[in-house]
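**Q** For reference, the structure I am asking about is given below.
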Amino acid sequence: MAEALRLLIHGASGRMGQALLRLVAEDERFAAPLAVSRRQPLERVSQGAAYFAASELDAVPAFDVLLDFSLPEGFDAALALVRERGKPLVSGTTGLSGAQQAALREAAGEIPVLWASNFSIGVALLQQLVRKAASALPGWDCDIIEMHHTQKQDAPSGTALSLGAAAEKGGAAPHYAAIRAGDIVGEHWVQFAGTGERIELVHRATNRDIFARGALQAALWLAEKPAGCYALSDLLSLR
Ligand SMILES: NC(=O)c1ccc[n+]([C@@H]2O[C@H](COP(=O)([O-])OP(=O)(O)OC[C@H]3O[C@@H](n4cnc5c(N)ncnc54)[C@H](OP(=O)(O)O)[C@@H]3O)[C@@H](O)[C@H]2O)c1
């Protein structure tokens, strides 16, 4: 078996960071991680992870891959660290500015980077299926319907928009509809309608851990890759 991967989890005290730490602790493919949050940690070592504040980032010990699920204001320091150490970066931080996205692309000349707005492996596959369906079905109507819990503010969801972008790449002109109801974690339903027939492609998320699991899969995969800008869909081996 390959050596256990040493992760640095940036944004460790957040919802995603906590899910990542929980899953890493029960997975022998990973060594005890480094955990960085904006604020000073209450304890230096807890449940196998070594904790640091963002102000101490330059002094953290060696790691193999940095997993960043922080906020845009923390992103630049994480990117600077991986460039300095020559290590891969997996980031799911959303709301990055144009300058931050450009810096990420520039860094890909030196190190492997993989950024995704949605780390669900199922959604990555759905994007590819939608693009294929759109290019195979010229002239068919394409509709994307998404359902989420009532707390979600934005509509259509970022995932619906990325599915729409995949449909557009295949030549379709998608329409969107959003439903906000109950505690639905997330459903995305893409329909292609022709004359006398319809195709429906559906993804249902039932647990938020899917994002953490996808990010961990991406970290294991990216650790072996040369410098470059990768996408989650690169993990899928479609024939
Ligand atoms: N791509 C995906 O699949 C996916 C899925 C879910 C969420 N996200 C994104 O992932 C990010 C985190 O989400 P979340 O729900 O976990 O957020 P959250 O609960 O608000 O946690 C944010 C984390 O970032 C840390 N942080 C804030 N400012 C920082 C700084 N300047 N330097 C270093 N760390 C800093 C916070 O530390 P303190 O607690 O010390 O402030 C906290 O650990 C968001 O951008 C969210 O949109 C992406």
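Order determines the names: the first chain of the structure tokens is A, the second B, and so forth; residues in each chain are numbered 1 upward, and ligands are numbered 1 upward as they are shown.
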List the spatial neighbours of region 177-187 of chain A as a ChimeraX atom specification - criterion: any atom at most 8 Å away, only C-alpha atoms, same-chain residues fewer than 5 positions off excluded.

**A** /A:143-150,152,155-157,202-208

**Q** Can I get the selected residues back with C-alpha atoms, as a PDB file, in the first residue's frame?

**A**
```pdb
ATOM      1  CA  ASP A 143     -34.641  22.191 -18.977  1.00  0.00           C
ATOM      2  CA  ILE A 144     -32.739  22.132 -15.702  1.00  0.00           C
ATOM      3  CA  ILE A 145     -34.814  21.917 -12.533  1.00  0.00           C
ATOM      4  CA  GLU A 146     -33.122  22.076  -9.148  1.00  0.00           C
ATOM      5  CA  MET A 147     -34.544  21.567  -5.648  1.00  0.00           C
ATOM      6  CA  HIS A 148     -32.922  22.649  -2.366  1.00  0.00           C
ATOM      7  CA  HIS A 149     -33.849  23.349   1.262  1.00  0.00           C
ATOM      8  CA  THR A 150     -35.605  26.591   2.157  1.00  0.00           C
ATOM      9  CA  LYS A 152     -30.639  28.310   0.329  1.00  0.00           C
ATOM     10  CA  ALA A 155     -31.272  30.373  -7.404  1.00  0.00           C
ATOM     11  CA  PRO A 156     -30.577  28.730  -9.757  1.00  0.00           C
ATOM     12  CA  SER A 157     -27.873  26.912  -7.789  1.00  0.00           C
ATOM     13  CA  VAL A 202     -31.190  13.143 -12.282  1.00  0.00           C
ATOM     14  CA  HIS A 203     -28.724  13.527  -9.401  1.00  0.00           C
ATOM     15  CA  ARG A 204     -29.945  13.389  -5.792  1.00  0.00           C
ATOM     16  CA  ALA A 205     -27.668  14.361  -2.902  1.00  0.00           C
ATOM     17  CA  THR A 206     -28.794  12.881   0.401  1.00  0.00           C
ATOM     18  CA  ASN A 207     -25.762  13.768   2.544  1.00  0.00           C
ATOM     19  CA  ARG A 208     -23.346  16.740   2.566  1.00  0.00           C
TER      20      ARG A 208
END
```

**Q** What do you get as a ChimeraX atom specification if you pick all residues at most 7 Å from ligand 1, counting only C-alpha atoms and all ligand atoms?

**A** /A:10-17,36-39,54,69-75,92-95,116-120,211

**Q** Please extract the residues of region 8-216 of chain A with a backbone DSSP assignment of helix (DSSP H, G or I) and present them as a PDB file with N, CA and C atoms, in the first residue's frame.

**A**
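The file below, part-v4.pdb, is the result:
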```pdb
ATOM      1  N   ARG A  15     -17.617  24.016   8.445  1.00  0.00           N
ATOM      2  CA  ARG A  15     -18.481  22.831   8.218  1.00  0.00           C
ATOM      3  C   ARG A  15     -17.777  21.797   7.345  1.00  0.00           C
ATOM      4  N   MET A  16     -17.156  22.272   6.239  1.00  0.00           N
ATOM      5  CA  MET A  16     -16.442  21.335   5.355  1.00  0.00           C
ATOM      6  C   MET A  16     -15.199  20.798   6.039  1.00  0.00           C
ATOM      7  N   GLY A  17     -14.456  21.693   6.716  1.00  0.00           N
ATOM      8  CA  GLY A  17     -13.229  21.272   7.401  1.00  0.00           C
ATOM      9  C   GLY A  17     -13.511  20.184   8.421  1.00  0.00           C
ATOM     10  N   GLN A  18     -14.603  20.341   9.173  1.00  0.00           N
ATOM     11  CA  GLN A  18     -14.951  19.343  10.194  1.00  0.00           C
ATOM     12  C   GLN A  18     -15.331  18.001   9.545  1.00  0.00           C
ATOM     13  N   ALA A  19     -16.054  18.056   8.447  1.00  0.00           N
ATOM     14  CA  ALA A  19     -16.412  16.809   7.742  1.00  0.00           C
ATOM     15  C   ALA A  19     -15.148  16.130   7.223  1.00  0.00           C
ATOM     16  N   LEU A  20     -14.211  16.926   6.672  1.00  0.00           N
ATOM     17  CA  LEU A  20     -12.958  16.359   6.162  1.00  0.00           C
ATOM     18  C   LEU A  20     -12.167  15.696   7.287  1.00  0.00           C
ATOM     19  N   LEU A  21     -12.049  16.385   8.421  1.00  0.00           N
ATOM     20  CA  LEU A  21     -11.278  15.828   9.545  1.00  0.00           C
ATOM     21  C   LEU A  21     -11.900  14.522  10.041  1.00  0.00           C
ATOM     22  N   ARG A  22     -13.225  14.478  10.093  1.00  0.00           N
ATOM     23  CA  ARG A  22     -13.918  13.267  10.567  1.00  0.00           C
ATOM     24  C   ARG A  22     -13.654  12.090   9.615  1.00  0.00           C
ATOM     25  N   LEU A  23     -13.750  12.347   8.298  1.00  0.00           N
ATOM     26  CA  LEU A  23     -13.558  11.264   7.322  1.00  0.00           C
ATOM     27  C   LEU A  23     -12.099  10.824   7.250  1.00  0.00           C
ATOM     28  N   VAL A  24     -11.166  11.782   7.371  1.00  0.00           N
ATOM     29  CA  VAL A  24      -9.739  11.454   7.326  1.00  0.00           C
ATOM     30  C   VAL A  24      -9.365  10.560   8.510  1.00  0.00           C
ATOM     31  N   ALA A  25      -9.955  10.839   9.678  1.00  0.00           N
ATOM     32  CA  ALA A  25      -9.615  10.091  10.904  1.00  0.00           C
ATOM     33  C   ALA A  25      -9.975   8.610  10.779  1.00  0.00           C
ATOM     34  N   ALA A  54      -4.149  30.728  11.130  1.00  0.00           N
ATOM     35  CA  ALA A  54      -3.735  31.198   9.796  1.00  0.00           C
ATOM     36  C   ALA A  54      -2.453  32.031   9.889  1.00  0.00           C
ATOM     37  N   SER A  55      -2.276  32.763  10.992  1.00  0.00           N
ATOM     38  CA  SER A  55      -1.077  33.612  11.153  1.00  0.00           C
ATOM     39  C   SER A  55       0.198  32.773  11.272  1.00  0.00           C
ATOM     40  N   GLU A  56       0.057  31.463  11.520  1.00  0.00           N
ATOM     41  CA  GLU A  56       1.228  30.591  11.677  1.00  0.00           C
ATOM     42  C   GLU A  56       1.482  29.749  10.412  1.00  0.00           C
ATOM     43  N   LEU A  57       0.771  30.060   9.344  1.00  0.00           N
ATOM     44  CA  LEU A  57       0.782  29.194   8.154  1.00  0.00           C
ATOM     45  C   LEU A  57       2.188  28.958   7.605  1.00  0.00           C
ATOM     46  N   ASP A  58       3.011  30.009   7.597  1.00  0.00           N
ATOM     47  CA  ASP A  58       4.370  29.872   7.039  1.00  0.00           C
ATOM     48  C   ASP A  58       5.208  28.847   7.786  1.00  0.00           C
ATOM     49  N   ALA A  59       4.855  28.584   9.049  1.00  0.00           N
ATOM     50  CA  ALA A  59       5.701  27.729   9.897  1.00  0.00           C
ATOM     51  C   ALA A  59       5.162  26.305  10.034  1.00  0.00           C
ATOM     52  N   PRO A  72     -12.710  33.336   0.626  1.00  0.00           N
ATOM     53  CA  PRO A  72     -11.824  34.045  -0.302  1.00  0.00           C
ATOM     54  C   PRO A  72     -10.710  34.820   0.405  1.00  0.00           C
ATOM     55  N   GLU A  73     -10.996  35.357   1.607  1.00  0.00           N
ATOM     56  CA  GLU A  73      -9.962  36.145   2.304  1.00  0.00           C
ATOM     57  C   GLU A  73      -8.814  35.283   2.821  1.00  0.00           C
ATOM     58  N   GLY A  74      -9.023  33.965   2.898  1.00  0.00           N
ATOM     59  CA  GLY A  74      -7.952  33.074   3.340  1.00  0.00           C
ATOM     60  C   GLY A  74      -7.227  32.398   2.178  1.00  0.00           C
ATOM     61  N   PHE A  75      -7.815  32.486   1.005  1.00  0.00           N
ATOM     62  CA  PHE A  75      -7.326  31.712  -0.151  1.00  0.00           C
ATOM     63  C   PHE A  75      -5.905  32.101  -0.579  1.00  0.00           C
ATOM     64  N   ASP A  76      -5.604  33.412  -0.607  1.00  0.00           N
ATOM     65  CA  ASP A  76      -4.299  33.870  -1.136  1.00  0.00           C
ATOM     66  C   ASP A  76      -3.142  33.274  -0.338  1.00  0.00           C
ATOM     67  N   ALA A  77      -3.293  33.232   0.986  1.00  0.00           N
ATOM     68  CA  ALA A  77      -2.208  32.701   1.827  1.00  0.00           C
ATOM     69  C   ALA A  77      -2.019  31.205   1.568  1.00  0.00           C
ATOM     70  N   ALA A  78      -3.121  30.481   1.350  1.00  0.00           N
ATOM     71  CA  ALA A  78      -3.026  29.040   1.066  1.00  0.00           C
ATOM     72  C   ALA A  78      -2.311  28.819  -0.264  1.00  0.00           C
ATOM     73  N   LEU A  79      -2.664  29.634  -1.261  1.00  0.00           N
ATOM     74  CA  LEU A  79      -2.036  29.498  -2.578  1.00  0.00           C
ATOM     75  C   LEU A  79      -0.542  29.833  -2.490  1.00  0.00           C
ATOM     76  N   ALA A  80      -0.208  30.891  -1.741  1.00  0.00           N
ATOM     77  CA  ALA A  80       1.210  31.273  -1.596  1.00  0.00           C
ATOM     78  C   ALA A  80       2.001  30.139  -0.950  1.00  0.00           C
ATOM     79  N   LEU A  81       1.393  29.467   0.041  1.00  0.00           N
ATOM     80  CA  LEU A  81       2.104  28.388   0.740  1.00  0.00           C
ATOM     81  C   LEU A  81       2.402  27.209  -0.191  1.00  0.00           C
ATOM     82  N   VAL A  82       1.408  26.779  -0.981  1.00  0.00           N
ATOM     83  CA  VAL A  82       1.659  25.629  -1.862  1.00  0.00           C
ATOM     84  C   VAL A  82       2.663  25.977  -2.963  1.00  0.00           C
ATOM     85  N   ARG A  83       2.651  27.231  -3.399  1.00  0.00           N
ATOM     86  CA  ARG A  83       3.648  27.637  -4.415  1.00  0.00           C
ATOM     87  C   ARG A  83       5.044  27.602  -3.817  1.00  0.00           C
ATOM     88  N   GLU A  84       5.143  28.095  -2.590  1.00  0.00           N
ATOM     89  CA  GLU A  84       6.451  28.134  -1.930  1.00  0.00           C
ATOM     90  C   GLU A  84       6.978  26.727  -1.654  1.00  0.00           C
ATOM     91  N   ARG A  85       6.064  25.820  -1.251  1.00  0.00           N
ATOM     92  CA  ARG A  85       6.502  24.454  -0.899  1.00  0.00           C
ATOM     93  C   ARG A  85       6.491  23.499  -2.101  1.00  0.00           C
ATOM     94  N   GLY A  98     -11.813  37.486  -9.709  1.00  0.00           N
ATOM     95  CA  GLY A  98     -11.161  37.216 -10.994  1.00  0.00           C
ATOM     96  C   GLY A  98      -9.652  37.143 -10.829  1.00  0.00           C
ATOM     97  N   ALA A  99      -9.097  38.027  -9.982  1.00  0.00           N
ATOM     98  CA  ALA A  99      -7.638  38.033  -9.757  1.00  0.00           C
ATOM     99  C   ALA A  99      -7.202  36.738  -9.086  1.00  0.00           C
ATOM    100  N   GLN A 100      -8.022  36.232  -8.153  1.00  0.00           N
ATOM    101  CA  GLN A 100      -7.665  34.971  -7.470  1.00  0.00           C
ATOM    102  C   GLN A 100      -7.738  33.792  -8.439  1.00  0.00           C
ATOM    103  N   GLN A 101      -8.739  33.807  -9.304  1.00  0.00           N
ATOM    104  CA  GLN A 101      -8.838  32.726 -10.302  1.00  0.00           C
ATOM    105  C   GLN A 101      -7.648  32.775 -11.262  1.00  0.00           C
ATOM    106  N   ALA A 102      -7.224  33.987 -11.612  1.00  0.00           N
ATOM    107  CA  ALA A 102      -6.064  34.130 -12.507  1.00  0.00           C
ATOM    108  C   ALA A 102      -4.798  33.636 -11.803  1.00  0.00           C
ATOM    109  N   ALA A 103      -4.663  33.948 -10.507  1.00  0.00           N
ATOM    110  CA  ALA A 103      -3.483  33.506  -9.744  1.00  0.00           C
ATOM    111  C   ALA A 103      -3.449  31.978  -9.662  1.00  0.00           C
ATOM    112  N   LEU A 104      -4.624  31.372  -9.556  1.00  0.00           N
ATOM    113  CA  LEU A 104      -4.721  29.907  -9.500  1.00  0.00           C
ATOM    114  C   LEU A 104      -4.238  29.305 -10.827  1.00  0.00           C
ATOM    115  N   ARG A 105      -4.690  29.885 -11.932  1.00  0.00           N
ATOM    116  CA  ARG A 105      -4.263  29.388 -13.250  1.00  0.00           C
ATOM    117  C   ARG A 105      -2.762  29.563 -13.439  1.00  0.00           C
ATOM    118  N   GLU A 106      -2.235  30.685 -12.947  1.00  0.00           N
ATOM    119  CA  GLU A 106      -0.797  30.939 -13.076  1.00  0.00           C
ATOM    120  C   GLU A 106      -0.003  29.911 -12.256  1.00  0.00           C
ATOM    121  N   ALA A 107      -0.496  29.610 -11.047  1.00  0.00           N
ATOM    122  CA  ALA A 107       0.189  28.644 -10.177  1.00  0.00           C
ATOM    123  C   ALA A 107       0.241  27.265 -10.824  1.00  0.00           C
ATOM    124  N   ILE A 121     -18.732  13.654  -6.922  1.00  0.00           N
ATOM    125  CA  ILE A 121     -18.287  12.874  -8.080  1.00  0.00           C
ATOM    126  C   ILE A 121     -19.481  12.613  -9.010  1.00  0.00           C
ATOM    127  N   GLY A 122     -20.667  12.408  -8.418  1.00  0.00           N
ATOM    128  CA  GLY A 122     -21.867  12.151  -9.218  1.00  0.00           C
ATOM    129  C   GLY A 122     -22.224  13.345 -10.090  1.00  0.00           C
ATOM    130  N   VAL A 123     -22.069  14.564  -9.542  1.00  0.00           N
ATOM    131  CA  VAL A 123     -22.373  15.755 -10.339  1.00  0.00           C
ATOM    132  C   VAL A 123     -21.354  15.927 -11.455  1.00  0.00           C
ATOM    133  N   ALA A 124     -20.082  15.586 -11.165  1.00  0.00           N
ATOM    134  CA  ALA A 124     -19.051  15.668 -12.213  1.00  0.00           C
ATOM    135  C   ALA A 124     -19.409  14.746 -13.384  1.00  0.00           C
ATOM    136  N   LEU A 125     -19.894  13.550 -13.059  1.00  0.00           N
ATOM    137  CA  LEU A 125     -20.304  12.619 -14.118  1.00  0.00           C
ATOM    138  C   LEU A 125     -21.541  13.155 -14.842  1.00  0.00           C
ATOM    139  N   LEU A 126     -22.502  13.688 -14.077  1.00  0.00           N
ATOM    140  CA  LEU A 126     -23.727  14.219 -14.685  1.00  0.00           C
ATOM    141  C   LEU A 126     -23.392  15.316 -15.701  1.00  0.00           C
ATOM    142  N   GLN A 127     -22.408  16.156 -15.378  1.00  0.00           N
ATOM    143  CA  GLN A 127     -22.012  17.220 -16.321  1.00  0.00           C
ATOM    144  C   GLN A 127     -21.570  16.617 -17.653  1.00  0.00           C
ATOM    145  N   GLN A 128     -20.786  15.554 -17.579  1.00  0.00           N
ATOM    146  CA  GLN A 128     -20.312  14.935 -18.825  1.00  0.00           C
ATOM    147  C   GLN A 128     -21.478  14.308 -19.586  1.00  0.00           C
ATOM    148  N   LEU A 129     -22.399  13.655 -18.864  1.00  0.00           N
ATOM    149  CA  LEU A 129     -23.545  13.025 -19.525  1.00  0.00           C
ATOM    150  C   LEU A 129     -24.433  14.080 -20.190  1.00  0.00           C
ATOM    151  N   VAL A 130     -24.601  15.220 -19.501  1.00  0.00           N
ATOM    152  CA  VAL A 130     -25.451  16.291 -20.037  1.00  0.00           C
ATOM    153  C   VAL A 130     -24.845  16.848 -21.319  1.00  0.00           C
ATOM    154  N   ARG A 131     -23.532  17.061 -21.307  1.00  0.00           N
ATOM    155  CA  ARG A 131     -22.879  17.588 -22.514  1.00  0.00           C
ATOM    156  C   ARG A 131     -23.041  16.613 -23.683  1.00  0.00           C
ATOM    157  N   LYS A 132     -22.845  15.310 -23.383  1.00  0.00           N
ATOM    158  CA  LYS A 132     -22.989  14.303 -24.442  1.00  0.00           C
ATOM    159  C   LYS A 132     -24.407  14.282 -24.982  1.00  0.00           C
ATOM    160  N   ALA A 133     -25.389  14.293 -24.071  1.00  0.00           N
ATOM    161  CA  ALA A 133     -26.794  14.243 -24.492  1.00  0.00           C
ATOM    162  C   ALA A 133     -27.134  15.462 -25.336  1.00  0.00           C
ATOM    163  N   ALA A 134     -26.643  16.641 -24.891  1.00  0.00           N
ATOM    164  CA  ALA A 134     -26.964  17.872 -25.633  1.00  0.00           C
ATOM    165  C   ALA A 134     -26.409  17.814 -27.052  1.00  0.00           C
ATOM    166  N   SER A 135     -25.173  17.303 -27.189  1.00  0.00           N
ATOM    167  CA  SER A 135     -24.593  17.301 -28.541  1.00  0.00           C
ATOM    168  C   SER A 135     -25.222  16.221 -29.416  1.00  0.00           C
ATOM    169  N   ALA A 136     -25.789  15.172 -28.781  1.00  0.00           N
ATOM    170  CA  ALA A 136     -26.426  14.105 -29.567  1.00  0.00           C
ATOM    171  C   ALA A 136     -27.870  14.439 -29.932  1.00  0.00           C
ATOM    172  N   GLY A 158     -25.471  27.119  -8.088  1.00  0.00           N
ATOM    173  CA  GLY A 158     -24.228  27.125  -8.869  1.00  0.00           C
ATOM    174  C   GLY A 158     -24.083  25.836  -9.652  1.00  0.00           C
ATOM    175  N   THR A 159     -24.542  24.723  -9.063  1.00  0.00           N
ATOM    176  CA  THR A 159     -24.443  23.430  -9.759  1.00  0.00           C
ATOM    177  C   THR A 159     -25.362  23.407 -10.980  1.00  0.00           C
ATOM    178  N   ALA A 160     -26.570  23.976 -10.846  1.00  0.00           N
ATOM    179  CA  ALA A 160     -27.482  24.038 -12.001  1.00  0.00           C
ATOM    180  C   ALA A 160     -26.840  24.848 -13.121  1.00  0.00           C
ATOM    181  N   LEU A 161     -26.173  25.945 -12.741  1.00  0.00           N
ATOM    182  CA  LEU A 161     -25.534  26.788 -13.764  1.00  0.00           C
ATOM    183  C   LEU A 161     -24.389  26.043 -14.444  1.00  0.00           C
ATOM    184  N   SER A 162     -23.635  25.238 -13.656  1.00  0.00           N
ATOM    185  CA  SER A 162     -22.528  24.506 -14.294  1.00  0.00           C
ATOM    186  C   SER A 162     -23.070  23.377 -15.178  1.00  0.00           C
ATOM    187  N   LEU A 163     -24.212  22.791 -14.803  1.00  0.00           N
ATOM    188  CA  LEU A 163     -24.852  21.801 -15.690  1.00  0.00           C
ATOM    189  C   LEU A 163     -25.346  22.491 -16.964  1.00  0.00           C
ATOM    190  N   GLY A 164     -25.854  23.718 -16.791  1.00  0.00           N
ATOM    191  CA  GLY A 164     -26.306  24.494 -17.950  1.00  0.00           C
ATOM    192  C   GLY A 164     -25.142  24.810 -18.890  1.00  0.00           C
ATOM    193  N   ALA A 165     -23.985  25.137 -18.286  1.00  0.00           N
ATOM    194  CA  ALA A 165     -22.799  25.441 -19.104  1.00  0.00           C
ATOM    195  C   ALA A 165     -22.391  24.198 -19.896  1.00  0.00           C
ATOM    196  N   ALA A 166     -22.500  23.023 -19.254  1.00  0.00           N
ATOM    197  CA  ALA A 166     -22.161  21.768 -19.959  1.00  0.00           C
ATOM    198  C   ALA A 166     -23.140  21.546 -21.111  1.00  0.00           C
ATOM    199  N   ALA A 167     -24.424  21.826 -20.870  1.00  0.00           N
ATOM    200  CA  ALA A 167     -25.429  21.665 -21.932  1.00  0.00           C
ATOM    201  C   ALA A 167     -25.141  22.623 -23.086  1.00  0.00           C
ATOM    202  N   GLU A 168     -24.742  23.857 -22.743  1.00  0.00           N
ATOM    203  CA  GLU A 168     -24.438  24.846 -23.794  1.00  0.00           C
ATOM    204  C   GLU A 168     -23.243  24.400 -24.626  1.00  0.00           C
ATOM    205  N   LYS A 169     -22.233  23.807 -23.952  1.00  0.00           N
ATOM    206  CA  LYS A 169     -21.064  23.316 -24.706  1.00  0.00           C
ATOM    207  C   LYS A 169     -21.494  22.249 -25.713  1.00  0.00           C
ATOM    208  N   ASP A 209     -21.735  14.985   3.132  1.00  0.00           N
ATOM    209  CA  ASP A 209     -20.397  14.376   3.126  1.00  0.00           C
ATOM    210  C   ASP A 209     -19.901  14.100   1.703  1.00  0.00           C
ATOM    211  N   ILE A 210     -20.801  14.089   0.726  1.00  0.00           N
ATOM    212  CA  ILE A 210     -20.351  13.782  -0.647  1.00  0.00           C
ATOM    213  C   ILE A 210     -19.280  14.773  -1.098  1.00  0.00           C
ATOM    214  N   PHE A 211     -19.380  16.035  -0.659  1.00  0.00           N
ATOM    215  CA  PHE A 211     -18.387  17.038  -1.087  1.00  0.00           C
ATOM    216  C   PHE A 211     -17.026  16.726  -0.462  1.00  0.00           C
ATOM    217  N   ALA A 212     -17.038  16.355   0.815  1.00  0.00           N
ATOM    218  CA  ALA A 212     -15.784  16.022   1.501  1.00  0.00           C
ATOM    219  C   ALA A 212     -15.179  14.753   0.901  1.00  0.00           C
ATOM    220  N   ARG A 213     -16.016  13.752   0.631  1.00  0.00           N
ATOM    221  CA  ARG A 213     -15.501  12.499   0.042  1.00  0.00           C
ATOM    222  C   ARG A 213     -14.886  12.760  -1.336  1.00  0.00           C
ATOM    223  N   GLY A 214     -15.534  13.585  -2.141  1.00  0.00           N
ATOM    224  CA  GLY A 214     -15.008  13.912  -3.474  1.00  0.00           C
ATOM    225  C   GLY A 214     -13.690  14.658  -3.378  1.00  0.00           C
ATOM    226  N   ALA A 215     -13.592  15.579  -2.407  1.00  0.00           N
ATOM    227  CA  ALA A 215     -12.349  16.355  -2.240  1.00  0.00           C
ATOM    228  C   ALA A 215     -11.207  15.446  -1.790  1.00  0.00           C
ATOM    229  N   LEU A 216     -11.502  14.471  -0.938  1.00  0.00           N
ATOM    230  CA  LEU A 216     -10.453  13.539  -0.491  1.00  0.00           C
ATOM    231  C   LEU A 216     -10.006  12.645  -1.648  1.00  0.00           C
TER     232      LEU A 216
END
```

**Q** Counting only C-alpha atoms, which residue out of A:Pro41, A:Pro138, A:Pro112, A:Pro33 sits closest to Ala218 (chain A)?

**A**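 For Ala218 (chain A), the nearest of the given residues is A:Pro112.
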
**Q** Residues of region 6-239 of chain A in strand (DSSP E or B) according to DSSP, as number ranges by chain?

**A** A: 7-10, 30, 34-37, 45-46, 49-53, 65-68, 89-91, 112-115, 141-148, 175-180, 186-193, 198-205, 228-230

**Q** Considering only C-alpha atoms, state which residue in the set A:Leu67, A:Leu137, A:Ile9, A:Leu236 is at the smallest distance from Gly194 (chain A).

**A**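 Closest candidate: A:Leu137.
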
**Q** Between CA of Ser233 (chain A) and CA of Val190 (chain A), what is the distance in Å, rounded to a tenth?

**A**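 Going from CA of Ser233 (chain A) over to CA of Val190 (chain A) covers 18.1 Å.
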
**Q** In Å to one decimal, how far is CA of Ala172 (chain A) from CA of Gln191 (chain A)?

**A** 11.3 Å

**Q** Taking only C-alpha atoms into account, which of A:Ala223, A:Leu201, A:Val45, A:Ala231 comes nearest Ala4 (chain A)?

**A**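 Under the stated criterion, the closest residue is A:Ala223.
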
**Q** Neighbours of Leu7 (chain A) within 8 Å (only C-alpha atoms; same-chain residues fewer than 2 positions away dropped), as number ranges by chain?

**A** A: 5, 9, 30-34, 63-67

**Q** For the residues selected in the previous step, produce a file with C-alpha atoms as a compact mmCIF listing (two decimals), in the first residue's frame.

**A**
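Printed below is part01.txt as written:
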```txt
# COMPACT_ATOMS: atom_id res chain seq x y z
CA LEU A 5 -1.06 11.00 2.55
CA ILE A 9 -6.78 21.10 5.83
CA PHE A 30 -4.43 9.40 5.24
CA ALA A 31 -1.88 10.25 7.96
CA ALA A 32 -2.68 12.56 10.88
CA PRO A 33 -3.52 15.89 9.18
CA LEU A 34 -2.50 19.49 9.84
CA PHE A 63 2.53 18.05 4.11
CA ASP A 64 1.75 16.32 0.79
CA VAL A 65 -1.46 18.06 -0.40
CA LEU A 66 -3.25 21.22 0.80
CA LEU A 67 -7.06 20.94 0.91
```

**Q** Counting only C-alpha atoms, what is within 10 Å of Gly109 (chain A), bar same-chain residues fewer than 5 positions away, as a PyMOL selection string?

**A** chain A and resi 104+226-229
